[in-house]
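Structure file query.cif with mmCIF, C-alpha atoms and all ligand atoms:
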```cif
data_work
loop_
_atom_site.label_atom_id
_atom_site.label_comp_id
_atom_site.auth_asym_id
_atom_site.auth_seq_id
_atom_site.Cartn_x
_atom_site.Cartn_y
_atom_site.Cartn_z
CA MET A 1 0.00 0.00 0.00
CA GLY A 2 1.23 3.48 -0.79
CA ARG A 3 1.88 6.63 1.14
CA ILE A 4 -0.65 9.43 1.39
CA LEU A 5 0.15 12.86 2.74
CA ILE A 6 -2.76 15.06 3.78
CA ARG A 7 -1.20 18.51 3.76
CA ARG A 8 -1.84 21.75 5.62
CA GLY A 9 -5.20 20.89 7.14
CA ARG A 10 -6.42 21.93 10.59
CA VAL A 11 -5.82 18.68 12.45
CA LEU A 12 -8.44 18.05 15.14
CA ASP A 13 -7.51 15.01 17.21
CA ALA A 14 -9.19 14.96 20.60
CA SER A 15 -7.25 11.86 21.70
CA SER A 16 -4.05 13.95 21.81
CA ASN A 17 -5.79 17.30 22.38
CA ARG A 18 -4.30 18.51 19.10
CA ASP A 19 -5.85 21.42 17.24
CA GLU A 20 -3.24 22.83 14.86
CA LYS A 21 -2.29 23.13 11.24
CA ALA A 22 -0.28 20.03 10.36
CA ASP A 23 0.50 17.38 7.77
CA VAL A 24 -0.75 13.82 8.27
CA LEU A 25 1.28 11.03 6.73
CA ILE A 26 -0.36 7.66 6.14
CA GLU A 27 1.70 4.58 5.36
CA ASP A 28 0.48 1.03 4.90
CA GLY A 29 -2.97 1.90 6.17
CA ARG A 30 -1.78 3.46 9.42
CA ILE A 31 -1.00 6.93 10.69
CA ALA A 32 2.77 7.28 10.27
CA ALA A 33 3.31 10.86 11.40
CA VAL A 34 1.48 14.08 12.26
CA GLU A 35 3.85 17.05 12.14
CA PRO A 36 3.66 20.75 11.26
CA SER A 37 5.56 20.04 8.04
CA LEU A 38 6.45 16.70 6.48
CA ASP A 39 8.42 15.71 3.41
CA THR A 40 6.04 14.96 0.53
CA SER A 41 8.39 13.02 -1.71
CA GLY A 42 7.00 9.73 -2.92
CA ALA A 43 3.60 10.28 -1.32
CA GLU A 44 0.26 10.96 -2.97
CA ALA A 45 -0.44 14.47 -1.71
CA ILE A 46 -3.91 15.68 -0.76
CA ASP A 47 -4.22 19.41 -0.18
CA ALA A 48 -6.36 20.10 2.89
CA GLY A 49 -5.65 23.84 3.15
CA GLY A 50 -8.66 25.53 4.78
CA LEU A 51 -10.14 22.13 5.70
CA TRP A 52 -10.40 20.08 8.88
CA VAL A 53 -8.65 16.72 9.20
CA ALA A 54 -10.04 14.50 11.96
CA PRO A 55 -10.45 10.88 12.99
CA GLY A 56 -13.25 9.17 11.06
CA PHE A 57 -16.60 9.45 12.83
CA VAL A 58 -17.91 6.52 14.86
CA ASP A 59 -21.68 6.07 14.94
CA LEU A 60 -22.98 4.26 18.00
CA HIS A 61 -26.46 3.85 16.64
CA ALA A 62 -27.61 3.05 13.09
CA HIS A 63 -30.32 0.81 11.68
CA LEU A 64 -29.00 -1.02 8.62
CA ARG A 65 -32.14 -3.18 8.16
CA GLU A 66 -30.25 -6.24 6.92
CA PRO A 67 -31.23 -9.02 7.32
CA GLY A 68 -34.88 -8.77 6.42
CA GLN A 69 -35.81 -5.28 5.27
CA GLU A 70 -33.34 -4.66 2.47
CA TYR A 71 -35.89 -2.55 0.61
CA LYS A 72 -35.26 0.15 3.25
CA GLU A 73 -31.48 -0.25 3.53
CA ASP A 74 -28.84 -2.93 3.51
CA ILE A 75 -25.32 -3.23 4.81
CA ALA A 76 -23.86 -2.13 1.47
CA SER A 77 -26.03 0.98 1.07
CA GLY A 78 -25.83 1.86 4.77
CA GLY A 79 -22.04 1.47 4.66
CA ARG A 80 -21.87 3.79 1.65
CA ALA A 81 -24.11 6.36 3.30
CA ALA A 82 -21.85 6.13 6.35
CA VAL A 83 -18.60 6.94 4.56
CA ALA A 84 -20.34 9.70 2.57
CA GLY A 85 -21.18 11.18 5.97
CA GLY A 86 -17.63 10.81 7.29
CA PHE A 87 -18.35 7.73 9.43
CA THR A 88 -15.64 5.10 9.24
CA THR A 89 -17.27 2.84 11.85
CA LEU A 90 -20.91 2.26 12.64
CA ALA A 91 -22.65 0.11 15.18
CA CYS A 92 -25.87 -1.40 13.87
CA MET A 93 -28.94 -2.04 15.96
CA ALA A 94 -30.48 -5.46 16.49
CA ASN A 95 -34.07 -4.76 15.35
CA THR A 96 -33.61 -6.53 12.02
CA HIS A 97 -35.76 -9.43 10.74
CA PRO A 98 -34.81 -11.81 12.23
CA ALA A 99 -33.47 -9.80 15.15
CA ASN A 100 -29.77 -10.06 15.92
CA ASP A 101 -30.45 -12.24 18.93
CA ASP A 102 -28.30 -15.20 17.88
CA PRO A 103 -24.63 -15.70 16.94
CA ALA A 104 -25.68 -16.85 13.45
CA VAL A 105 -27.22 -13.42 12.73
CA THR A 106 -24.15 -11.61 14.11
CA ASP A 107 -21.97 -13.81 11.89
CA TYR A 108 -24.13 -13.00 8.89
CA ILE A 109 -23.93 -9.24 9.50
CA LEU A 110 -20.16 -9.33 9.89
CA ASP A 111 -19.80 -11.45 6.80
CA ARG A 112 -21.93 -9.09 4.69
CA ALA A 113 -20.05 -6.11 6.10
CA ARG A 114 -16.66 -7.60 5.17
CA GLN A 115 -17.87 -8.08 1.60
CA ASP A 116 -20.08 -5.07 1.07
CA SER A 117 -19.43 -2.18 3.43
CA PRO A 118 -16.74 0.45 2.96
CA ALA A 119 -17.25 1.37 6.65
CA ARG A 120 -16.42 -0.89 9.57
CA VAL A 121 -19.58 -2.42 11.01
CA LEU A 122 -19.97 -3.40 14.67
CA PRO A 123 -23.12 -5.43 15.37
CA ILE A 124 -25.12 -4.67 18.49
CA ALA A 125 -26.95 -7.76 19.71
CA ALA A 126 -30.44 -7.90 21.16
CA ALA A 127 -30.62 -8.08 24.94
CA THR A 128 -33.71 -10.29 24.81
CA LYS A 129 -34.90 -12.90 22.33
CA GLY A 130 -36.88 -11.34 19.50
CA LEU A 131 -36.66 -8.01 21.37
CA GLU A 132 -39.65 -9.22 23.31
CA GLY A 133 -38.31 -8.13 26.69
CA ALA A 134 -38.78 -11.54 28.30
CA VAL A 135 -35.99 -14.08 27.71
CA MET A 136 -32.36 -13.01 27.67
CA THR A 137 -30.13 -13.75 24.70
CA GLU A 138 -27.02 -15.94 25.03
CA MET A 139 -24.82 -12.99 25.73
CA SER A 140 -21.40 -14.58 25.84
CA ALA A 141 -22.00 -16.63 22.66
CA ILE A 142 -23.11 -13.52 20.74
CA LEU A 143 -20.14 -11.53 21.98
CA ARG A 144 -17.82 -14.34 20.89
CA ALA A 145 -19.39 -14.06 17.43
CA GLY A 146 -18.38 -10.38 17.34
CA ALA A 147 -21.17 -8.27 18.83
CA VAL A 148 -20.01 -5.24 20.84
CA ALA A 149 -22.99 -4.30 23.02
CA PHE A 150 -26.57 -5.27 23.83
CA SER A 151 -29.74 -3.38 23.05
CA ASP A 152 -33.43 -3.93 22.35
CA ASP A 153 -33.46 -0.46 20.75
CA GLY A 154 -36.74 0.42 19.14
CA LYS A 155 -38.35 -1.18 22.15
CA THR A 156 -38.05 -0.72 25.89
CA ILE A 157 -37.51 -3.63 28.27
CA MET A 158 -40.55 -2.95 30.41
CA ASP A 159 -40.03 -5.82 32.88
CA SER A 160 -37.67 -4.43 35.53
CA GLY A 161 -36.68 -7.91 36.69
CA VAL A 162 -35.56 -8.83 33.18
CA MET A 163 -33.68 -5.52 32.88
CA ARG A 164 -31.91 -6.19 36.16
CA ARG A 165 -30.76 -9.59 34.93
CA VAL A 166 -29.62 -8.17 31.58
CA LEU A 167 -27.49 -5.65 33.45
CA GLU A 168 -26.13 -8.29 35.84
CA TYR A 169 -25.08 -10.56 32.98
CA SER A 170 -23.62 -7.65 31.03
CA CYS A 171 -21.18 -7.17 33.91
CA MET A 172 -20.06 -10.78 33.63
CA VAL A 173 -19.41 -10.46 29.91
CA ASP A 174 -18.15 -6.88 30.27
CA ALA A 175 -20.21 -5.15 27.57
CA PRO A 176 -22.43 -2.06 27.64
CA VAL A 177 -26.23 -2.23 27.62
CA ILE A 178 -27.81 0.44 25.43
CA VAL A 179 -31.33 1.42 26.45
CA HIS A 180 -34.20 2.83 24.47
CA ALA A 181 -35.87 4.59 27.37
CA GLU A 182 -39.58 5.07 26.72
CA ASP A 183 -42.20 3.70 29.07
CA CYS A 184 -44.73 2.35 26.59
CA THR A 185 -47.60 2.63 29.05
CA LEU A 186 -46.93 6.37 29.27
CA VAL A 187 -46.25 6.72 25.54
CA GLY A 188 -49.63 5.11 24.81
CA HIS A 189 -50.57 6.05 21.28
CA GLY A 190 -48.46 9.21 21.41
CA VAL A 191 -46.87 10.12 18.09
CA VAL A 192 -45.51 13.63 18.79
CA ASN A 193 -44.21 15.37 21.89
CA GLU A 194 -47.00 15.99 24.40
CA GLY A 195 -47.51 19.75 24.71
CA PRO A 196 -48.87 22.73 22.79
CA VAL A 197 -47.76 21.23 19.46
CA SER A 198 -49.64 17.95 19.97
CA THR A 199 -52.71 19.98 20.98
CA ARG A 200 -52.50 22.14 17.86
CA LEU A 201 -52.02 19.10 15.64
CA GLY A 202 -54.80 17.19 17.34
CA LEU A 203 -52.48 14.19 17.62
CA PRO A 204 -51.90 12.02 20.70
CA GLY A 205 -48.89 13.18 22.72
CA ASN A 206 -45.88 11.25 23.99
CA PRO A 207 -44.83 12.93 27.26
CA ALA A 208 -41.26 13.74 28.32
CA VAL A 209 -41.88 11.81 31.52
CA ALA A 210 -42.14 8.57 29.50
CA GLU A 211 -38.41 8.87 28.86
CA ALA A 212 -37.53 10.14 32.32
CA VAL A 213 -39.28 7.31 34.18
CA HIS A 214 -37.22 4.73 32.33
CA VAL A 215 -33.95 6.59 32.56
CA ALA A 216 -34.50 6.86 36.33
CA ARG A 217 -35.31 3.15 36.65
CA ASP A 218 -32.33 2.06 34.60
CA LEU A 219 -29.96 4.34 36.47
CA LEU A 220 -31.10 2.75 39.73
CA LEU A 221 -30.58 -0.71 38.25
CA ALA A 222 -27.15 0.29 36.94
CA GLN A 223 -26.27 1.46 40.42
CA LEU A 224 -27.48 -1.81 41.91
CA THR A 225 -25.62 -4.01 39.43
CA GLY A 226 -22.53 -1.91 38.66
CA ALA A 227 -23.22 -2.37 34.93
CA HIS A 228 -22.32 0.05 32.15
CA LEU A 229 -25.60 1.61 31.07
CA HIS A 230 -25.64 3.64 27.87
CA VAL A 231 -28.72 5.80 27.32
CA ALA A 232 -29.62 6.07 23.63
CA HIS A 233 -31.08 9.19 21.99
CA VAL A 234 -31.59 11.37 25.08
CA SER A 235 -34.31 13.86 24.22
CA THR A 236 -35.50 15.54 27.41
CA ALA A 237 -34.18 18.04 29.95
CA ILE A 238 -35.25 15.73 32.79
CA ALA A 239 -33.21 12.83 31.43
CA VAL A 240 -30.13 15.05 31.08
CA GLU A 241 -30.54 16.10 34.70
CA LEU A 242 -30.99 12.51 35.92
CA ILE A 243 -27.85 11.42 34.06
CA ARG A 244 -25.90 14.35 35.45
CA ARG A 245 -26.84 13.40 39.03
CA ALA A 246 -26.10 9.72 38.43
CA ARG A 247 -22.62 10.61 37.15
CA GLU A 248 -22.01 12.62 40.29
CA GLN A 249 -22.89 9.54 42.31
CA GLY A 250 -20.39 7.42 40.39
CA ILE A 251 -22.93 5.34 38.45
CA HIS A 252 -21.40 3.95 35.25
CA VAL A 253 -23.59 5.69 32.71
CA THR A 254 -22.83 7.13 29.27
CA ALA A 255 -25.27 8.79 26.89
CA GLU A 256 -25.79 9.87 23.31
CA VAL A 257 -27.93 12.49 21.58
CA THR A 258 -28.94 12.63 17.92
CA PRO A 259 -28.43 15.48 15.44
CA HIS A 260 -32.21 15.86 15.22
CA HIS A 261 -32.77 16.14 18.96
CA LEU A 262 -29.99 18.77 19.05
CA THR A 263 -31.40 20.97 16.32
CA LEU A 264 -35.13 20.41 15.69
CA THR A 265 -38.07 21.03 17.97
CA ASP A 266 -41.53 19.49 17.87
CA GLU A 267 -42.53 22.46 15.68
CA ALA A 268 -40.95 20.54 12.78
CA THR A 269 -44.03 18.29 12.93
CA LEU A 270 -46.52 21.17 12.58
CA GLY A 271 -47.00 20.49 8.87
CA TYR A 272 -47.61 16.78 9.60
CA ASP A 273 -44.28 15.93 7.96
CA THR A 274 -43.89 12.22 8.71
CA ASN A 275 -40.14 12.56 8.12
CA ALA A 276 -40.08 14.40 11.43
CA LYS A 277 -41.83 11.52 13.19
CA VAL A 278 -39.27 9.75 15.33
CA ALA A 279 -39.04 7.84 18.59
CA PRO A 280 -38.39 9.45 21.01
CA PRO A 281 -40.20 12.41 19.45
CA LEU A 282 -38.76 15.83 18.68
CA ARG A 283 -39.24 17.83 21.87
CA SER A 284 -39.71 21.39 23.11
CA ALA A 285 -37.17 24.19 22.64
CA ALA A 286 -36.27 23.92 26.35
CA ASP A 287 -35.48 20.22 25.92
CA VAL A 288 -33.31 20.96 22.87
CA ARG A 289 -31.42 23.61 24.86
CA ALA A 290 -30.86 21.13 27.71
CA CYS A 291 -29.56 18.44 25.33
CA ARG A 292 -27.15 20.93 23.73
CA LYS A 293 -25.93 22.06 27.14
CA GLY A 294 -25.59 18.45 28.31
CA LEU A 295 -23.48 17.65 25.27
CA ALA A 296 -21.31 20.73 25.71
CA GLU A 297 -20.75 19.99 29.40
CA GLY A 298 -19.95 16.34 28.78
CA VAL A 299 -23.01 14.92 30.59
CA ILE A 300 -23.95 13.50 27.21
CA ASP A 301 -20.82 11.92 25.78
CA ALA A 302 -21.55 11.33 22.12
CA ILE A 303 -23.53 12.24 19.04
CA ALA A 304 -25.19 9.22 17.38
CA THR A 305 -27.34 9.39 14.26
CA ASP A 306 -30.11 6.85 14.98
CA HIS A 307 -30.15 6.53 11.18
CA ALA A 308 -33.53 4.82 10.69
CA PRO A 309 -34.43 4.27 7.03
CA HIS A 310 -38.05 3.74 5.98
CA ALA A 311 -39.41 3.47 2.45
CA VAL A 312 -41.37 6.27 0.76
CA HIS A 313 -44.57 4.21 0.63
CA GLU A 314 -44.34 3.61 4.39
CA LYS A 315 -43.81 7.28 5.27
CA ASP A 316 -46.24 8.68 2.70
CA VAL A 317 -49.32 7.95 4.85
CA GLU A 318 -51.22 9.75 7.61
CA PHE A 319 -49.06 10.78 10.56
CA THR A 320 -50.38 8.23 13.04
CA ALA A 321 -49.81 5.33 10.64
CA ALA A 322 -46.24 6.20 9.57
CA PRO A 323 -43.30 4.37 11.17
CA SER A 324 -40.94 6.40 13.38
CA GLY A 325 -37.44 7.23 12.26
CA LEU A 326 -35.36 9.37 9.96
CA ILE A 327 -32.12 8.95 8.06
CA GLY A 328 -29.10 10.85 9.32
CA LEU A 329 -25.75 9.45 8.27
CA GLU A 330 -25.17 11.76 5.32
CA THR A 331 -26.30 14.97 7.02
CA ALA A 332 -24.99 14.50 10.58
CA PHE A 333 -21.82 16.58 10.27
CA ALA A 334 -23.48 19.58 8.62
CA VAL A 335 -26.39 19.48 11.07
CA VAL A 336 -24.33 19.32 14.26
CA LEU A 337 -21.89 21.95 13.05
CA ASP A 338 -24.64 24.31 14.16
CA LEU A 339 -23.31 23.91 17.72
CA VAL A 340 -19.89 25.19 16.65
CA ARG A 341 -21.42 28.09 14.76
CA ALA A 342 -23.49 28.95 17.83
CA GLY A 343 -20.30 28.97 19.95
CA GLU A 344 -21.52 26.11 22.14
CA LEU A 345 -18.80 23.62 21.17
CA GLN A 346 -15.25 24.06 19.93
CA PRO A 347 -14.45 22.13 16.73
CA LEU A 348 -12.16 19.80 18.70
CA GLU A 349 -14.94 19.10 21.21
CA LEU A 350 -17.36 18.32 18.39
CA MET A 351 -14.92 15.86 16.84
CA GLN A 352 -14.43 14.20 20.23
CA ARG A 353 -18.15 13.64 20.56
CA MET A 354 -18.33 12.15 17.07
CA SER A 355 -15.36 9.79 17.21
CA ALA A 356 -13.19 9.41 20.33
CA ASN A 357 -16.09 9.26 22.79
CA PRO A 358 -18.30 6.80 20.87
CA ALA A 359 -15.25 4.56 20.31
CA ARG A 360 -14.53 4.66 24.04
CA ILE A 361 -18.14 3.76 24.89
CA LEU A 362 -17.96 0.73 22.59
CA ARG A 363 -14.47 -0.09 23.94
CA ARG A 364 -13.12 -0.18 20.43
CA ALA A 365 -10.13 1.46 18.78
CA GLY A 366 -10.96 4.52 16.74
CA GLY A 367 -11.28 8.23 17.15
CA SER A 368 -7.54 8.82 17.20
CA LEU A 369 -4.81 10.02 14.84
CA ALA A 370 -2.05 8.62 17.07
CA VAL A 371 0.98 7.25 15.22
CA GLY A 372 0.33 3.56 14.54
CA ALA A 373 -3.48 3.86 14.66
CA PRO A 374 -5.46 2.59 11.65
CA ALA A 375 -5.78 5.50 9.22
CA ASP A 376 -9.53 6.10 9.54
CA VAL A 377 -9.62 9.77 8.64
CA VAL A 378 -12.12 12.36 7.50
CA VAL A 379 -11.42 15.62 5.67
CA LEU A 380 -14.13 18.23 6.19
CA ASP A 381 -15.01 21.62 4.75
CA PRO A 382 -16.83 23.48 7.54
CA GLN A 383 -17.78 26.39 5.26
CA LYS A 384 -19.09 24.60 2.19
CA GLU A 385 -22.78 25.06 1.35
CA TRP A 386 -24.57 22.21 -0.40
CA LEU A 387 -28.10 21.30 -1.24
CA TYR A 388 -29.21 18.03 0.34
CA ASP A 389 -31.29 15.82 -1.90
CA PRO A 390 -31.76 12.33 -0.40
CA ALA A 391 -32.52 10.98 -3.88
CA LYS A 392 -28.90 11.73 -4.78
CA GLY A 393 -27.57 10.21 -1.58
CA PHE A 394 -26.31 6.70 -0.85
CA SER A 395 -29.00 5.50 1.53
CA LYS A 396 -31.84 3.56 -0.10
CA SER A 397 -34.35 5.65 1.86
CA ARG A 398 -35.30 9.30 1.68
CA ASN A 399 -36.98 9.98 4.99
CA SER A 400 -35.09 13.07 6.03
CA PRO A 401 -36.49 16.26 7.57
CA TRP A 402 -33.55 18.09 5.93
CA ALA A 403 -34.49 17.10 2.37
CA GLY A 404 -34.27 20.10 0.06
CA ARG A 405 -32.38 22.19 2.59
CA THR A 406 -29.12 24.00 1.98
CA LEU A 407 -26.69 22.73 4.60
CA VAL A 408 -23.34 24.20 5.59
CA GLY A 409 -20.40 21.84 6.22
CA GLN A 410 -19.41 19.07 3.86
CA VAL A 411 -17.49 15.82 4.04
CA LYS A 412 -14.77 16.00 1.38
CA LEU A 413 -12.91 12.73 1.84
CA THR A 414 -13.20 9.64 4.00
CA LEU A 415 -10.39 7.13 4.43
CA VAL A 416 -10.69 3.71 6.03
CA ASP A 417 -7.47 1.83 6.74
CA GLY A 418 -5.60 4.45 4.70
CA ARG A 419 -7.73 3.92 1.60
CA VAL A 420 -9.90 6.69 0.17
CA VAL A 421 -13.42 5.21 0.29
CA TYR A 422 -15.32 8.44 -0.34
CA ASP A 423 -14.44 11.54 -2.29
CA VAL A 424 -17.14 14.19 -2.69
CA ALA A 425 -16.11 14.70 -6.31
CA ARG A 426 -16.09 11.00 -7.19
CA GLY A 427 -18.57 9.39 -4.80
CA VAL A 428 -18.02 6.13 -2.93
CA LEU A 429 -14.94 4.29 -4.14
CA LEU A 430 -14.98 0.57 -3.61
CA PRO A 431 -11.88 -1.60 -3.77
O1 LIG B 1 -37.55 6.49 15.43
C1 LIG B 1 -37.02 5.41 15.64
N1 LIG B 1 -36.89 4.50 14.66
N2 LIG B 1 -36.61 5.11 16.87
C2 LIG B 1 -36.15 3.89 17.19
O2 LIG B 1 -35.74 3.71 18.31
C3 LIG B 1 -36.18 2.80 16.20
C4 LIG B 1 -36.10 3.34 14.85
C5 LIG B 1 -36.38 2.33 13.77
O3 LIG B 1 -35.90 1.19 13.87
O4 LIG B 1 -37.03 2.69 12.79
#
```

Can you give me the file's structure in the form of structure tokens?
Amino acid sequence: MGRILIRRGRVLDASSNRDEKADVLIEDGRIAAVEPSLDTSGAEAIDAGGLWVAPGFVDLHAHLREPGQEYKEDIASGGRAAVAGGFTTLACMANTHPANDDPAVTDYILDRARQDSPARVLPIAAATKGLEGAVMTEMSAILRAGAVAFSDDGKTIMDSGVMRRVLEYSCMVDAPVIVHAEDCTLVGHGVVNEGPVSTRLGLPGNPAVAEAVHVARDLLLAQLTGAHLHVAHVSTAIAVELIRRAREQGIHVTAEVTPHHLTLTDEATLGYDTNAKVAPPLRSAADVRACRKGLAEGVIDAIATDHAPHAVHEKDVEFTAAPSGLIGLETAFAVVLDLVRAGELQPLELMQRMSANPARILRRAGGSLAVGAPADVVVLDPQKEWLYDPAKGFSKSRNSPWAGRTLVGQVKLTLVDGRVVYDVARGVLLP
């Protein structure tokens, strides 16, 4: 493999607290040197003047739909969408058909990913069989097959006794448990955030307390068991506060927030746009402010997309009948750059929350430009304006609330293992 020199970019590497103009040399798929000025001879030079150079993003939370719902997405299309969005690694949720509740399914996902995905794929296994919340999966066997965490995401484990046992066993196998915290008895038929917006729309509301009740329960169970609890897609001010207090008490909890919960309020649903229907729902402006503050202060560790593809015919129905979820891999960077523009996060802090922190939560390498690390790198233009058209994107689905919007901040290049897998001018480049 050759040598690549990425020249004169603003290098943003949270793992070494580096934020400076430098050259990055890649040799044999690994970072060979990061220095203010390096010799270019013999290397393929990439000019990154005016651009950011950072570790490839790591997504803790994506739905790739394979096996079973390949008409929405598959591992190949999801992997392409990932690298087009600057993600070099993505963890995929277990709510496939069949669910990833068995080592054979984990094997299958990893096999497909090796053949088809330009991004690294880390399977998340179900915590309970069929995501039914009753019988635990064979955790150690699934981990041996290559899963990295457990989650029934999309569903909540309502039975507290089962949740306690899941957390107890997760300690024995030393893997995080990722929770989708929504008490379904409080959600009821709610399809948008409960409040003035649900009243105006005349649609059943899903209250903030449905999330808070479950976050509180799971924090207590994490305290009891000593397990590593990871709270997915935090959406409410109360949940942020509960997580903050739990941290102060030494409970092993980490948390993520999505680009949509950081930037959109429930008002995005006022036109009955089903692409803004998501679980948990878009919340009030006060909740959005609390999530942004939680992320800036480090109470929420990571940004995760919750990329959830659904087909046009499924979303193009009345609001109550549409499935929840929106796609986010290809727009995440531009959307969350809003926090930098607003002065709430420094660029280095944003990169940390998109790569180093999610890698740490999954206990995997990544998120670092240290010499010797695999050269998973992203080159970003924080100023570039572009028009987002999901039909021209790499995901098979189009359910984005940002469709047709001009976004600012573009992924220019993505490298995995030192190989350019995405170039904005040329598209996804497969070996
Ligand atoms: O909106 C969502 N869609 N939230 C989830 O937790 C699951 C996801 C899906 O699988 O479509």

message = Could you list the protein, DNA and RNA residues that have any atom within 7 Å of ligand LIG 1 (chain B), counting only C-alpha atoms and all ligand atoms, and write them as a PyMOL selection string?
response = chain A and resi 63+95+153-155+180+277-280+306+308-310+323-326

request  = Determine, counting only C-alpha atoms, which protein, DNA and RNA residues have an atom within 8 Å of an atom of A:Thr236; residues of the same chain fewer than 5 positions away are not included. Present the result as a list in words.
outcome  =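 Counting only C-alpha atoms, the residues come to Ala208, Glu211, Ala212, Arg283, Asp287, Val288, Ala290 and Cys291 of chain A.
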
inquiry  = My list of candidates is A:Ala216, A:Val424, A:Val299, A:Ala365. Which is closest to A:Arg353 when distances are computed with all atoms listed in the file?
reply    = A:Val299

message = For a quick check of understanding, using only C-alpha atoms, which of A:Thr128, A:Asn399, A:Ser16, A:Ser117 has the smallest distance to A:Ala276?
response =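 For A:Ala276, the nearest of the given residues is A:Asn399.
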
key: Between atom CA of A:Asp376 and atom CA of A:Asp59, distance in Å (one decimal)   = 13.3 Å

note = Students should find that atom CA of A:Ala296 and atom CA of A:His214 are spaced 23.5 Å

Please provide as an mmCIF file with C-alpha atoms, keeping the file's coordinate frame all residues within 8 Å of stretch 21-28 of chain A, with the sequence filter that same-chain residues fewer than 2 positions apart are discarded (counting all atoms listed in the file).
```
data_model
loop_
_atom_site.group_PDB
_atom_site.id
_atom_site.type_symbol
_atom_site.label_atom_id
_atom_site.label_comp_id
_atom_site.auth_asym_id
_atom_site.auth_seq_id
_atom_site.Cartn_x
_atom_site.Cartn_y
_atom_site.Cartn_z
ATOM 1 C CA MET A 1 0.000 0.000 0.000
ATOM 2 C CA GLY A 2 1.230 3.480 -0.790
ATOM 3 C CA ARG A 3 1.880 6.630 1.140
ATOM 4 C CA ILE A 4 -0.650 9.430 1.390
ATOM 5 C CA LEU A 5 0.150 12.860 2.740
ATOM 6 C CA ILE A 6 -2.760 15.060 3.780
ATOM 7 C CA ARG A 7 -1.200 18.510 3.760
ATOM 8 C CA ARG A 8 -1.840 21.750 5.620
ATOM 9 C CA GLY A 9 -5.200 20.890 7.140
ATOM 10 C CA ARG A 10 -6.420 21.930 10.590
ATOM 11 C CA VAL A 11 -5.820 18.680 12.450
ATOM 12 C CA ASP A 19 -5.850 21.420 17.240
ATOM 13 C CA ARG A 30 -1.780 3.460 9.420
ATOM 14 C CA ILE A 31 -1.000 6.930 10.690
ATOM 15 C CA ALA A 32 2.770 7.280 10.270
ATOM 16 C CA ALA A 33 3.310 10.860 11.400
ATOM 17 C CA VAL A 34 1.480 14.080 12.260
ATOM 18 C CA GLU A 35 3.850 17.050 12.140
ATOM 19 C CA PRO A 36 3.660 20.750 11.260
ATOM 20 C CA SER A 37 5.560 20.040 8.040
ATOM 21 C CA LEU A 38 6.450 16.700 6.480
ATOM 22 C CA ALA A 375 -5.780 5.500 9.220
ATOM 23 C CA GLY A 418 -5.600 4.450 4.700
#
```

request  = Please provide the set of residues having any atom within 6 Å of A:Thr265, restricted to all atoms listed in the file, with same-chain residues fewer than 3 positions apart removed, written as a PyMOL selection string.
outcome  = chain A and resi 268+282-285

message = So, with all atoms listed in the file as the atoms that count, which of A:Arg164, A:Arg112, A:Arg398, A:His97 lies closest to A:Ala127?
response =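 Answer, going by the shortest atom-to-atom distance: A:Arg164.
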
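Checking A:Ala45, A:Leu295, A:Val408, A:Cys171 one by one against A:Gln383, counting all atoms listed in the file, you find the shortest gap at A:Val408.
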
task = May I ask for the distance between atom CA of A:Leu60 and atom CA of A:Ala91, given in Å to one decimal place?
result =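 One can read the atom CA of A:Leu60 to atom CA of A:Ala91 distance as 5.0 Å.
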
key: 6 Å contact set for A:Cys92, only C-alpha atoms, chain neighbours under 4 positions out, as a list in words   =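 What passes the distance filter is His61, Ala62, His63, Pro123 and Ile124 of chain A.
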
ask   = Near A:Ala175, counting all atoms listed in the file, which residues have an atom at most 7 Å away, once you skip same-chain residues fewer than 4 positions from it, shown as an MDAnalysis selection string?
value = chainID A and resid 148:149 170:171

Would you mind exporting C-alpha atoms of the selected residues as a tab-separated table (two decimals), in the frame of the given file?
```tsv
chain	number	residue	atom	x	y	z
A	148	VAL	CA	-20.01	-5.24	20.84
A	149	ALA	CA	-22.99	-4.30	23.02
A	170	SER	CA	-23.62	-7.65	31.03
A	171	CYS	CA	-21.18	-7.17	33.91
```

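Among the candidates A:Glu267, A:Asp13, A:Asp47, A:Glu168, the residue lying nearest to A:Lys412 is A:Asp47 (atoms considered: all atoms listed in the file).
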
inquiry  = Around (-30.4, -4.8, 5.4), as given in the file, which residues come within 10 Å? Count all atoms listed in the file and list them as a list in words.
reply    = His63, Leu64, Arg65, Glu66, Pro67, Gly68, Gln69, Glu70, Tyr71, Lys72, Glu73, Asp74, Ile75, Ala76, Ser77, Gly78, Thr96, His97, Ile109 and Arg112 of chain A

request  = Counting all atoms listed in the file, figure out which residue out of A:Gln115, A:Gln223, A:Ser235, A:Asn193 gets nearest to A:Asp266.
outcome  = A:Asn193
